[in-house]
Amino acid sequence: MNDNFINEYFGIGIQNGKTPENLGVLWRSAQNLGATFIFTIGNRYAKQASDTHDAVKSIPYFHYDTFEAFFENLPKGARLVGVELDKKAVDLETFEHPRRCVYLLGAEDHGLSQKAMDKCHFLVKFKSEKSLNVAVAGTIVMYDRNLSKPRS
Ligand SMILES: C[S@@+](CC[C@H](N)C(=O)[O-])C[C@H]1O[C@@H](n2cnc3c(N)ncnc32)[C@H](O)[C@@H]1O
């Protein structure tokens with residue numbers, strides 16, 4: 001293991017995801033880009049053919065019925081990073097990913113809820129004409145985390 005990655009971890013998940021295939025793609029990326037756990041809030045995940053590497057059997061998958069339940073059960077000391085094309089979000093390119101954090105993506109139709117964005121310790125975005133597919137967005141964030149960048 002790369003020594004730079006000692007004492008750190010991340011989880012990634014989605015609030016009210018609408019398309020099961022997107023979750024399968026996101027989990028496949030999560031498993032292959034180093035996520036420690038994956039989760040859903042609201043809509044539950046059902047096994048999809050797009051999760052070709054069977055991520056849900058390889059890394060812990062958590063489900064929370066509500067945002068409040070998710071927020072109360074965040075790992076102690078982990079920062080919550082909302083991923084959203086929002087005017088308050090900072091640019092991913094210069095973002096220093098926290099050593100221990102949880103990335104939260106929004107639904108395909110409405111994005112992250114305002115309540116969730118208000119509770120996030122950080123909001124990040126990357127430049128795109130319009131919003132990208134949620135699984136693609138999550139994959140970009142994880143790829144960026146794995147670049148040799150300073151941590152916060
Ligand atoms: C299809 S988008 C949601 C679009 C929604 N209709 C909206 O405009 O709020 C689904 C999710 O992908 C992520 N996403 C897509 N493009 C993004 C970008 N450029 N920067 C940050 N997150 C992005 C966000 O988590 C977003 O909630």
# chains A, B, ... in the order shown; residues from 1 in each chain; ligands from 1
>>> select_by_dssp(residues="chain A", states="helix (DSSP H, G or I)", output="JSON, numbers by chain")
{"A": [3, 4, 5, 20, 21, 22, 23, 24, 25, 26, 27, 28, 29, 30, 31, 32, 55, 56, 57, 58, 67, 68, 69, 70, 71, 72, 92, 93, 94, 114, 115, 116, 117, 118, 119, 134, 135, 136, 137, 138, 139, 140, 141, 142, 143, 144, 145, 146]}
>>> residues_around(residues="Ile14 in chain A", least_positions_apart="3", cutoff="12 Å", atoms="only C-alpha atoms", output="PyMOL selection string")
chain A and resi 11+17-20+22-24+26-27+38-45+61-67+70+81-84+102-108+110-113+116+134-135+137-138
>>> closest_residue(among="A:Phe71, A:Ile140, A:Lys130, A:Arg99", to="Ile6 in chain A", atoms="only C-alpha atoms")
A:Arg99
>>> select_by_dssp(residues="range 93-148 of chain A", states="strand (DSSP E)", output="PyMOL selection string")
chain A and resi 100-105+122-125
>>> closest_residue(among="A:Ala35, A:Leu85, A:Val136, A:Leu123", to="ligand 1", atoms="only C-alpha atoms and all ligand atoms")
A:Leu85
